[in-house]
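Okay, entry.cif now, which holds mmCIF, C-alpha atoms and all ligand atoms:
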data_input
loop_
_atom_site.label_atom_id
_atom_site.label_comp_id
_atom_site.auth_asym_id
_atom_site.auth_seq_id
_atom_site.Cartn_x
_atom_site.Cartn_y
_atom_site.Cartn_z
CA MET A 207 45.96 40.35 -45.48
CA THR A 208 43.18 43.00 -45.49
CA SER A 209 43.66 45.88 -43.11
CA VAL A 210 40.70 46.57 -40.94
CA LEU A 211 42.11 49.94 -39.95
CA ALA A 212 45.17 51.67 -41.39
CA ALA A 213 46.34 55.12 -40.32
CA GLN A 214 49.30 57.11 -41.61
CA GLY A 215 50.52 60.10 -39.62
CA LEU A 216 46.96 60.58 -38.40
CA GLY A 217 46.34 63.56 -36.15
CA LYS A 218 43.42 65.50 -34.74
CA LYS A 219 43.59 68.90 -33.12
CA TYR A 220 40.86 70.62 -31.14
CA GLY A 221 41.76 74.30 -31.23
CA LYS A 222 45.43 74.42 -30.25
CA ARG A 223 45.46 71.06 -28.49
CA TRP A 224 46.32 67.75 -30.12
CA ALA A 225 43.89 64.98 -29.11
CA LEU A 226 45.71 62.49 -31.34
CA ARG A 227 49.01 62.87 -33.13
CA GLU A 228 51.36 60.99 -35.45
CA CYS A 229 49.26 57.86 -35.31
CA THR A 230 50.53 55.22 -37.73
CA ILE A 231 48.99 51.77 -37.34
CA ASP A 232 47.93 48.91 -39.57
CA ILE A 233 45.56 46.39 -38.00
CA PRO A 234 44.87 43.18 -39.90
CA ALA A 235 41.26 41.98 -40.11
CA GLY A 236 39.97 39.21 -37.85
CA HIS A 237 41.06 40.54 -34.47
CA VAL A 238 39.37 41.79 -31.34
CA VAL A 239 41.43 44.91 -30.81
CA GLY A 240 41.70 46.53 -27.40
CA LEU A 241 42.41 50.25 -27.44
CA VAL A 242 43.59 51.12 -23.96
CA GLY A 243 44.74 54.34 -22.37
CA PRO A 244 43.94 56.67 -19.51
CA ASN A 245 41.13 59.24 -19.55
CA GLY A 246 41.73 61.89 -22.17
CA ALA A 247 44.36 59.83 -24.04
CA GLY A 248 42.60 60.19 -27.40
CA LYS A 249 40.74 56.87 -27.67
CA THR A 250 37.33 58.32 -28.56
CA THR A 251 39.02 60.69 -31.01
CA LEU A 252 40.64 57.77 -32.85
CA LEU A 253 37.38 55.80 -32.90
CA LYS A 254 35.44 58.81 -34.19
CA LEU A 255 38.01 59.30 -36.94
CA ALA A 256 37.64 55.61 -37.85
CA SER A 257 33.87 55.88 -38.04
CA GLY A 258 33.95 59.13 -40.03
CA GLN A 259 32.43 61.31 -37.30
CA LEU A 260 35.57 63.46 -37.27
CA GLU A 261 37.86 64.61 -40.06
CA PRO A 262 41.64 64.33 -39.53
CA THR A 263 43.74 67.46 -39.04
CA THR A 264 46.78 65.65 -40.46
CA GLY A 265 47.44 62.34 -42.17
CA GLY A 266 44.93 59.79 -43.35
CA ILE A 267 42.91 56.79 -42.29
CA THR A 268 41.25 53.96 -44.18
CA VAL A 269 38.84 51.44 -42.70
CA LEU A 270 38.35 48.14 -44.55
CA SER A 271 40.19 49.86 -47.43
CA GLY A 272 37.58 52.62 -47.67
CA ARG A 273 37.23 56.20 -46.47
CA PRO A 274 35.42 56.36 -43.13
CA ALA A 275 31.71 57.08 -43.73
CA GLY A 276 32.59 57.46 -47.42
CA GLY A 277 29.18 56.32 -48.75
CA PRO A 278 26.35 53.84 -48.07
CA ALA A 279 28.49 50.72 -48.73
CA GLN A 280 31.14 51.86 -46.25
CA LEU A 281 28.51 52.81 -43.66
CA ALA A 282 26.96 49.34 -43.94
CA LYS A 283 30.31 47.68 -43.25
CA VAL A 284 31.06 49.51 -40.00
CA GLY A 285 29.05 49.49 -36.77
CA PHE A 286 29.71 52.09 -34.07
CA VAL A 287 28.44 52.05 -30.50
CA ALA A 288 29.17 55.35 -28.77
CA GLN A 289 30.52 55.69 -25.24
CA ASP A 290 27.20 56.70 -23.65
CA THR A 291 25.23 54.02 -25.62
CA PRO A 292 22.53 56.47 -26.71
CA VAL A 293 18.98 55.17 -27.20
CA TYR A 294 15.69 56.89 -28.02
CA ALA A 295 14.12 57.15 -24.56
CA GLY A 296 10.54 57.25 -25.82
CA LEU A 297 10.86 54.21 -28.10
CA SER A 298 10.52 50.58 -27.03
CA ILE A 299 13.21 47.96 -27.58
CA ALA A 300 11.07 46.51 -30.40
CA ASP A 301 10.92 50.01 -31.99
CA HIS A 302 14.72 50.14 -31.88
CA LEU A 303 14.94 46.80 -33.67
CA ARG A 304 12.44 47.97 -36.33
CA LEU A 305 14.46 51.15 -36.79
CA GLY A 306 17.65 49.07 -37.12
CA ALA A 307 15.97 46.96 -39.81
CA ARG A 308 14.91 50.08 -41.76
CA LEU A 309 18.32 51.74 -41.61
CA ASN A 310 20.65 48.79 -42.22
CA PRO A 311 20.62 46.82 -45.48
CA GLY A 312 22.29 43.76 -43.94
CA TRP A 313 20.06 43.69 -40.82
CA ASP A 314 19.74 40.26 -39.19
CA ALA A 315 16.37 40.22 -37.41
CA VAL A 316 16.95 36.74 -35.97
CA ILE A 317 20.16 37.73 -34.16
CA ALA A 318 18.41 40.82 -32.78
CA ARG A 319 15.30 38.98 -31.56
CA GLU A 320 17.20 36.05 -30.08
CA ARG A 321 19.69 38.23 -28.27
CA ILE A 322 17.01 40.39 -26.66
CA ALA A 323 15.18 37.21 -25.55
CA ARG A 324 18.41 35.69 -24.18
CA LEU A 325 19.04 38.86 -22.17
CA GLY A 326 15.59 38.49 -20.63
CA LEU A 327 14.52 41.91 -21.91
CA ASP A 328 10.90 42.63 -22.77
CA PRO A 329 10.71 44.04 -26.34
CA ALA A 330 7.81 46.27 -25.24
CA HIS A 331 9.98 47.94 -22.57
CA ARG A 332 10.67 51.65 -23.13
CA ALA A 333 14.41 52.27 -23.73
CA GLY A 334 14.31 55.31 -21.43
CA LYS A 335 13.46 53.03 -18.50
CA LEU A 336 16.37 50.61 -19.00
CA SER A 337 19.32 50.54 -16.62
CA GLY A 338 22.73 51.67 -17.93
CA GLY A 339 23.81 48.04 -18.33
CA GLN A 340 20.62 47.02 -20.16
CA ARG A 341 21.00 50.03 -22.46
CA ALA A 342 24.56 48.95 -23.27
CA GLN A 343 23.27 45.45 -24.09
CA VAL A 344 20.57 46.85 -26.40
CA ALA A 345 23.15 49.05 -28.13
CA LEU A 346 25.44 46.03 -28.61
CA THR A 347 22.50 44.03 -29.99
CA LEU A 348 21.83 46.77 -32.56
CA GLY A 349 25.53 46.78 -33.48
CA LEU A 350 25.66 42.99 -33.88
CA ALA A 351 22.38 42.70 -35.83
CA LYS A 352 23.71 45.20 -38.35
CA ARG A 353 26.16 42.40 -39.28
CA PRO A 354 29.10 44.78 -39.83
CA GLU A 355 32.55 43.69 -40.94
CA LEU A 356 33.95 45.93 -38.23
CA LEU A 357 32.23 46.79 -34.97
CA ILE A 358 33.64 49.76 -33.06
CA LEU A 359 32.72 50.00 -29.39
CA ASP A 360 33.74 53.02 -27.34
CA GLU A 361 34.05 52.07 -23.65
CA PRO A 362 31.23 49.54 -23.99
CA VAL A 363 31.42 48.18 -20.44
CA ALA A 364 32.03 51.40 -18.52
CA SER A 365 28.51 51.44 -17.07
CA LEU A 366 28.31 47.74 -16.23
CA ASP A 367 28.84 45.95 -12.92
CA PRO A 368 31.61 43.29 -12.87
CA LEU A 369 29.29 40.37 -13.64
CA ALA A 370 27.49 42.21 -16.44
CA ARG A 371 30.92 43.26 -17.78
CA ARG A 372 32.04 39.67 -18.00
CA GLU A 373 28.77 38.55 -19.63
CA PHE A 374 28.89 41.41 -22.12
CA LEU A 375 32.47 40.64 -23.18
CA GLN A 376 31.76 36.90 -23.29
CA GLY A 377 28.73 37.54 -25.53
CA LEU A 378 30.84 39.75 -27.76
CA MET A 379 33.55 37.09 -28.10
CA GLU A 380 31.02 34.39 -28.93
CA ALA A 381 29.47 36.62 -31.58
CA THR A 382 32.86 37.29 -33.22
CA VAL A 383 33.54 33.55 -33.43
CA GLU A 384 30.07 32.83 -34.83
CA HIS A 385 29.85 35.68 -37.32
CA GLU A 386 33.53 36.39 -38.12
CA PHE A 387 33.87 40.15 -37.86
CA SER A 388 36.55 42.42 -36.44
CA VAL A 389 36.08 44.47 -33.30
CA VAL A 390 37.86 47.55 -31.97
CA LEU A 391 36.88 48.37 -28.42
CA SER A 392 38.27 50.95 -26.06
CA SER A 393 38.66 50.85 -22.32
CA HIS A 394 40.77 52.43 -19.65
CA LEU A 395 40.70 49.15 -17.72
CA VAL A 396 43.18 46.51 -18.86
CA SER A 397 41.30 43.80 -16.97
CA ASP A 398 38.40 44.26 -19.40
CA LEU A 399 40.67 43.59 -22.33
CA GLU A 400 42.81 40.81 -20.91
CA ARG A 401 40.32 38.03 -21.61
CA THR A 402 38.78 39.50 -24.74
CA CYS A 403 41.41 41.03 -26.99
CA ASP A 404 44.06 39.39 -29.14
CA TYR A 405 45.45 42.71 -30.42
CA LEU A 406 46.37 45.71 -28.32
CA ILE A 407 46.92 49.41 -28.92
CA VAL A 408 48.20 51.48 -26.02
CA LEU A 409 47.42 55.17 -26.38
CA VAL A 410 48.83 57.67 -23.89
CA ASP A 411 48.92 61.46 -24.13
CA SER A 412 47.51 61.45 -27.66
CA ARG A 413 50.21 59.12 -29.01
CA VAL A 414 50.22 55.41 -29.81
CA GLN A 415 52.89 53.89 -27.57
CA ILE A 416 52.70 50.35 -28.93
CA ALA A 417 50.40 48.26 -31.14
CA GLY A 418 50.47 44.57 -31.99
CA GLU A 419 49.13 41.10 -31.36
CA THR A 420 48.99 40.56 -27.60
CA GLU A 421 50.78 37.20 -27.79
CA HIS A 422 53.64 38.77 -29.72
CA LEU A 423 53.80 41.76 -27.36
CA LEU A 424 53.93 39.49 -24.33
CA ALA A 425 56.62 37.30 -25.93
CA THR A 426 58.87 40.26 -26.71
CA HIS A 427 58.60 42.22 -23.45
CA HIS A 428 60.44 41.17 -20.29
CA ARG A 429 61.12 42.38 -16.80
CA LEU A 430 64.83 42.33 -15.86
CA THR A 431 65.77 42.55 -12.21
CA GLY A 432 69.35 42.59 -10.99
CA PRO A 433 72.23 44.64 -9.58
CA ARG A 434 71.93 48.32 -10.29
CA ARG A 435 72.99 49.18 -13.80
CA ASP A 436 72.98 52.32 -15.91
CA PRO A 437 70.68 52.14 -19.00
CA SER A 438 73.62 52.95 -21.28
CA ARG A 439 75.07 49.55 -20.37
CA LEU A 440 72.16 47.58 -21.78
CA PRO A 441 72.64 46.02 -25.26
CA ALA A 442 71.39 48.11 -28.16
CA ASP A 443 68.71 45.56 -29.11
CA GLN A 444 67.09 45.87 -25.68
CA HIS A 445 64.72 48.83 -25.91
CA ILE A 446 63.96 50.23 -22.50
CA VAL A 447 60.26 50.78 -21.88
CA SER A 448 60.54 51.65 -18.21
CA ALA A 449 63.19 51.67 -15.51
CA ARG A 450 63.18 51.71 -11.73
CA HIS A 451 66.28 51.89 -9.56
CA THR A 452 67.10 51.64 -5.89
CA ASP A 453 70.59 52.09 -4.42
CA ARG A 454 71.48 48.52 -5.25
CA GLN A 455 68.96 47.20 -7.70
CA SER A 456 67.62 48.00 -11.15
CA THR A 457 64.35 46.79 -12.65
CA TYR A 458 63.87 47.33 -16.34
CA ILE A 459 61.00 46.52 -18.63
CA ILE A 460 62.49 46.00 -22.04
CA ARG A 461 61.35 45.07 -25.52
CA THR A 462 63.54 42.71 -27.54
CA GLY A 463 63.18 39.91 -30.05
CA ALA A 464 66.58 38.49 -29.05
CA PRO A 465 67.36 36.09 -26.19
CA ILE A 466 68.53 37.64 -22.92
CA LEU A 467 71.83 35.98 -22.14
CA ASP A 468 73.22 38.11 -19.28
CA PRO A 469 73.24 35.87 -16.17
CA ALA A 470 73.13 38.90 -13.87
CA TRP A 471 69.44 39.43 -14.67
CA THR A 472 66.46 37.59 -13.30
CA VAL A 473 64.09 37.61 -16.27
CA SER A 474 60.33 37.40 -15.81
CA ARG A 475 57.30 37.55 -18.09
CA LEU A 476 54.80 40.37 -17.97
CA THR A 477 51.05 40.29 -17.68
CA LEU A 478 49.10 42.46 -20.09
CA GLU A 479 48.51 44.90 -17.24
CA ASP A 480 52.27 45.12 -16.49
CA LEU A 481 52.88 45.86 -20.15
CA VAL A 482 50.28 48.61 -20.40
CA LEU A 483 51.41 50.20 -17.14
CA ALA A 484 55.03 50.15 -18.32
CA TYR A 485 54.09 52.15 -21.42
CA MET A 486 52.08 54.61 -19.34
CA ASP A 487 55.05 54.97 -17.04
CA LYS A 488 57.31 55.51 -20.04
CA SER A 489 55.28 58.44 -21.25
CA THR A 490 55.44 60.18 -17.86
CA ALA A 491 59.11 59.25 -17.43
CA ALA A 492 59.92 60.93 -20.75
CA ASP A 493 58.88 64.25 -19.24
CA ARG A 494 61.21 63.75 -16.28
CA ARG A 495 64.19 62.67 -18.40
CA PRO A 496 66.26 61.03 -15.66
CA THR A 497 69.32 58.99 -16.60
CA LEU A 498 69.29 57.01 -13.44
CA GLU A 499 66.70 58.04 -10.93
CA VAL A 500 66.86 56.54 -7.46
CA GLN A 501 63.62 55.71 -5.65
CA ARG A 502 64.00 55.48 -1.90
N1 LIG G 1 35.01 68.26 -28.85
C1 LIG G 1 36.15 68.52 -28.22
N2 LIG G 1 36.61 69.78 -28.10
C2 LIG G 1 37.78 70.05 -27.49
N3 LIG G 1 38.58 69.12 -26.93
C3 LIG G 1 38.17 67.84 -27.01
C4 LIG G 1 36.95 67.48 -27.65
N4 LIG G 1 36.82 66.14 -27.57
C5 LIG G 1 37.90 65.69 -26.91
N5 LIG G 1 38.72 66.70 -26.57
C6 LIG G 1 40.01 66.61 -25.87
O1 LIG G 1 40.84 65.71 -26.61
C7 LIG G 1 41.57 64.86 -25.73
C8 LIG G 1 41.28 63.42 -26.05
O2 LIG G 1 39.92 63.16 -25.77
P1 LIG G 1 39.23 61.75 -26.03
O3 LIG G 1 37.78 61.89 -25.70
O4 LIG G 1 39.60 61.27 -27.38
O5 LIG G 1 39.98 60.83 -24.92
P2 LIG G 1 39.62 59.40 -24.38
O6 LIG G 1 40.87 58.63 -24.34
O7 LIG G 1 38.48 58.81 -25.15
O8 LIG G 1 39.14 59.71 -22.88
P3 LIG G 1 38.08 58.98 -21.94
O9 LIG G 1 38.68 57.66 -21.53
O10 LIG G 1 37.98 59.93 -20.79
O11 LIG G 1 36.80 58.85 -22.69
C9 LIG G 1 41.16 65.26 -24.31
O12 LIG G 1 42.13 66.14 -23.81
C10 LIG G 1 39.84 65.97 -24.49
O13 LIG G 1 39.66 66.96 -23.52
#

Here is the file; what I need is its structure written in the form of structure tokens.
Amino acid sequence: MTSVLAAQGLGKKYGKRWALRECTIDIPAGHVVGLVGPNGAGKTTLLKLASGQLEPTTGGITVLSGRPAGGPAQLAKVGFVAQDTPVYAGLSIADHLRLGARLNPGWDAVIARERIARLGLDPAHRAGKLSGGQRAQVALTLGLAKRPELLILDEPVASLDPLARREFLQGLMEATVEHEFSVVLSSHLVSDLERTCDYLIVLVDSRVQIAGETEHLLATHHRLTGPRRDPSRLPADQHIVSARHTDRQSTYIIRTGAPILDPAWTVSRLTLEDLVLAYMDKSTAADRRPTLEVQR
């Protein structure tokens, strides 16, 4: 299957500080990919590398089998909506659509017009007078009307209220079904991604912690609760993601493809939020390096 985004040992340094390091991922086409991580994790850096706005310090990246921003054909295949959804304040919405038509060979004027009408926006309205949410919707419209094979959205719903968030993500999902393109969108809120994404990348402290189809990730991660037990006594095929202990009880989040047969454990499924939080916890826990830390 075609890779929409493939990175090998990808890294980016700003001065002495790594913003992204040792990133190796291979995302098949046809997914809505959620890139999640806390502030400063490296999400924008990865998305800018994918759209060719930054050059890697180490490793390599290909997008739809091409070099990011590696020529007009590649640029036409990839849409990018930046975090602050920039617009030209002095131009009207209609001007933005005309500009989009001039700059993009595959421009779909019908999608653009219909979407603006559906949003109840007046094409004559100056972009500088739009609210943050309306600006984000105009930026998404420009991205969709470009008819890219991959649409990259950096924190697209950050400025939206909860209802507008839901409508925005719903509109995005409908568009992906109708026009069959891949999406990579970043957020630091898992709730935004839970309903929208079928592929997840968790990025913490400049490193990818886990990447894969959400269904597969949820099927292979479990919470084990039971009598207190040292991590060294867990089977080798149970990879510990996070651990919590009290005097008497242990709670582990583990990754395994094998059945959990030990009757001492109560096994429960995770939500996507549990899973993401476990990986965030793991990265902070690695700094503490406890063998068996007791929380009272
Ligand atoms: N132009 C830059 N110069 C120096 N450091 C930078 C630059 N851009 C980003 N960084 C640093 O790189 C790290 C990763 O930043 P990045 O913007 O990729 O994170 P992010 O996950 O998108 O964060 P947020 O959710 O806050 O947008 C941060 O520590 C940030 O301070």

Show me a table, sorted first by chain and then by increasing residue number, of the residues of chain A having an atom at most 9 Å from ligand LIG 1 (chain G), each with its shortest atom pair and the distance in Å to one decimal, counting all atoms listed in the file and written as CSV.
residue,atom,partner,partner_atom,distance
A:Lys218,CA,G:LIG1,O1,8.5
A:Lys219,CA,G:LIG1,O1,7.8
A:Tyr220,CA,G:LIG1,C2,4.8
A:Gly221,CA,G:LIG1,C2,6.9
A:Arg223,CA,G:LIG1,O1,7.3
A:Trp224,CA,G:LIG1,O1,6.8
A:Ala225,CA,G:LIG1,O1,4.0
A:Leu226,CA,G:LIG1,C8,7.0
A:Val242,CA,G:LIG1,O6,8.0
A:Gly243,CA,G:LIG1,O6,6.1
A:Pro244,CA,G:LIG1,O9,5.7
A:Asn245,CA,G:LIG1,O10,3.5
A:Gly246,CA,G:LIG1,O5,3.4
A:Ala247,CA,G:LIG1,O6,3.7
A:Gly248,CA,G:LIG1,O4,3.2
A:Lys249,CA,G:LIG1,O6,3.8
A:Thr250,CA,G:LIG1,O7,3.6
A:Thr251,CA,G:LIG1,O4,3.7
A:Leu252,CA,G:LIG1,O4,6.6
A:Leu253,CA,G:LIG1,O4,8.1
A:Lys254,CA,G:LIG1,O4,8.4
A:Gln289,CA,G:LIG1,O11,7.5
A:Asp360,CA,G:LIG1,O7,7.8
A:Glu361,CA,G:LIG1,O11,7.4
A:Ser392,CA,G:LIG1,O7,7.9
A:Ser393,CA,G:LIG1,O9,6.9
A:His394,CA,G:LIG1,O9,5.9
A:Leu409,CA,G:LIG1,O6,7.7
A:Val410,CA,G:LIG1,O6,8.0
A:Asp411,CA,G:LIG1,C8,8.1
A:Ser412,CA,G:LIG1,C8,6.7

Please dump the current selection as a short mmCIF file (atom, residue, chain, number, x, y, z; two decimals), in the coordinates of the input; keep C-alpha atoms.
data_model
loop_
_atom_site.label_atom_id
_atom_site.label_comp_id
_atom_site.auth_asym_id
_atom_site.auth_seq_id
_atom_site.Cartn_x
_atom_site.Cartn_y
_atom_site.Cartn_z
CA LYS A 218 43.42 65.50 -34.74
CA LYS A 219 43.59 68.90 -33.12
CA TYR A 220 40.86 70.62 -31.14
CA GLY A 221 41.76 74.30 -31.23
CA ARG A 223 45.46 71.06 -28.49
CA TRP A 224 46.32 67.75 -30.12
CA ALA A 225 43.89 64.98 -29.11
CA LEU A 226 45.71 62.49 -31.34
CA VAL A 242 43.59 51.12 -23.96
CA GLY A 243 44.74 54.34 -22.37
CA PRO A 244 43.94 56.67 -19.51
CA ASN A 245 41.13 59.24 -19.55
CA GLY A 246 41.73 61.89 -22.17
CA ALA A 247 44.36 59.83 -24.04
CA GLY A 248 42.60 60.19 -27.40
CA LYS A 249 40.74 56.87 -27.67
CA THR A 250 37.33 58.32 -28.56
CA THR A 251 39.02 60.69 -31.01
CA LEU A 252 40.64 57.77 -32.85
CA LEU A 253 37.38 55.80 -32.90
CA LYS A 254 35.44 58.81 -34.19
CA GLN A 289 30.52 55.69 -25.24
CA ASP A 360 33.74 53.02 -27.34
CA GLU A 361 34.05 52.07 -23.65
CA SER A 392 38.27 50.95 -26.06
CA SER A 393 38.66 50.85 -22.32
CA HIS A 394 40.77 52.43 -19.65
CA LEU A 409 47.42 55.17 -26.38
CA VAL A 410 48.83 57.67 -23.89
CA ASP A 411 48.92 61.46 -24.13
CA SER A 412 47.51 61.45 -27.66
#

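Interatomic distance, atom CA of A:Arg308 to atom CA of A:Gly258: 21.2 Å.
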
>> Can you pull out the residues contacting A:Pro469? Cut-off 12 Å, using only C-alpha atoms, and skip same-chain residues under 4 positions away; I want them as a list in words.
In response: Leu430, Thr431, Gly432, Pro433, Pro465 and Val473 of chain A

Restricting it to C-alpha atoms, dump the selection as a CSV table (one decimal), keeping the file's coordinate frame.
chain,number,residue,atom,x,y,z
A,430,LEU,CA,64.8,42.3,-15.9
A,431,THR,CA,65.8,42.6,-12.2
A,432,GLY,CA,69.4,42.6,-11.0
A,433,PRO,CA,72.2,44.6,-9.6
A,465,PRO,CA,67.4,36.1,-26.2
A,473,VAL,CA,64.1,37.6,-16.3

> Quick one: residues within 7 Å of stretch 320-329 of chain A, only C-alpha atoms counted, chain neighbours fewer than 5 positions away excluded, as a VMD selection string?
Replying inline: chain A and resid 298 to 300 347

>> I'd like to know which of A:Arg304, A:Arg461, A:Arg319, A:Lys283 is closest to A:Leu423, using only C-alpha atoms.
In response: A:Arg461

>> Quick one: residues within 10 Å of A:Pro278, only C-alpha atoms, excluding same-chain residues fewer than 3 positions away - as JSON, numbers by chain?
In response: {"A": [275, 281, 282, 283, 310, 311]}

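The coordinates place atom CA of A:Ser474 at 5.1 Å from atom CA of A:Arg429.
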
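Considering the residues A:Leu440, A:Ile407, A:Ile416, A:Ala370 and counting all atoms listed in the file, A:Ser337 has its shortest atom-to-atom contact with A:Ala370.
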
List as a JSON list (two decimals) with C-alpha atoms, in the frame of the given file the protein and nucleic acid residues near A:Val447, meaning an atom at most 7 Å away when all atoms listed in the file are counted, but skip any in the same chain fewer than 6 places from it.
[["chain", "number", "residue", "atom", "x", "y", "z"],
["A", 459, "ILE", "CA", 61.00, 46.52, -18.63],
["A", 460, "ILE", "CA", 62.49, 46.00, -22.04],
["A", 461, "ARG", "CA", 61.35, 45.07, -25.52],
["A", 484, "ALA", "CA", 55.03, 50.15, -18.32],
["A", 485, "TYR", "CA", 54.09, 52.15, -21.42],
["A", 488, "LYS", "CA", 57.31, 55.51, -20.04]]

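The coordinates place atom CA of A:Ala213 at 11.7 Å from atom CA of A:Gly272.
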
> Which residues, written as a list in words, have at least one atom at most 9 Å from A:Pro274, with all atoms listed in the file counted and residues fewer than 3 positions away on the same chain left out?
Replying inline: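 Selected residues are Leu255, Ala256, Ser257, Gly258, Gln259, Ile267, Thr268, Val269, Leu270, Gly277, Gln280, Leu281 and Val284 of chain A.
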
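For the set A:Thr291, A:Thr382, A:Thr264, A:Gln376, the residue with the smallest atom-to-atom gap to A:Gln340 is A:Thr291, counting only C-alpha atoms.
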
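Of the residues listed (A:Val287, A:Ala364, A:Leu399, A:Leu216), A:Leu216 shows the shortest atom-to-atom separation from A:Leu260; distances use all atoms listed in the file.
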
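In terms of minimum interatomic distance to A:Val238, A:Arg401 ranks closest within A:Arg401, A:His422, A:His331, A:Arg450, counting all atoms listed in the file.
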
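Proximity to A:Val390 was assessed for A:Ser438, A:Asp404, A:Thr457, A:Ala330 counting all atoms listed in the file; the smallest distance is recorded for A:Asp404.
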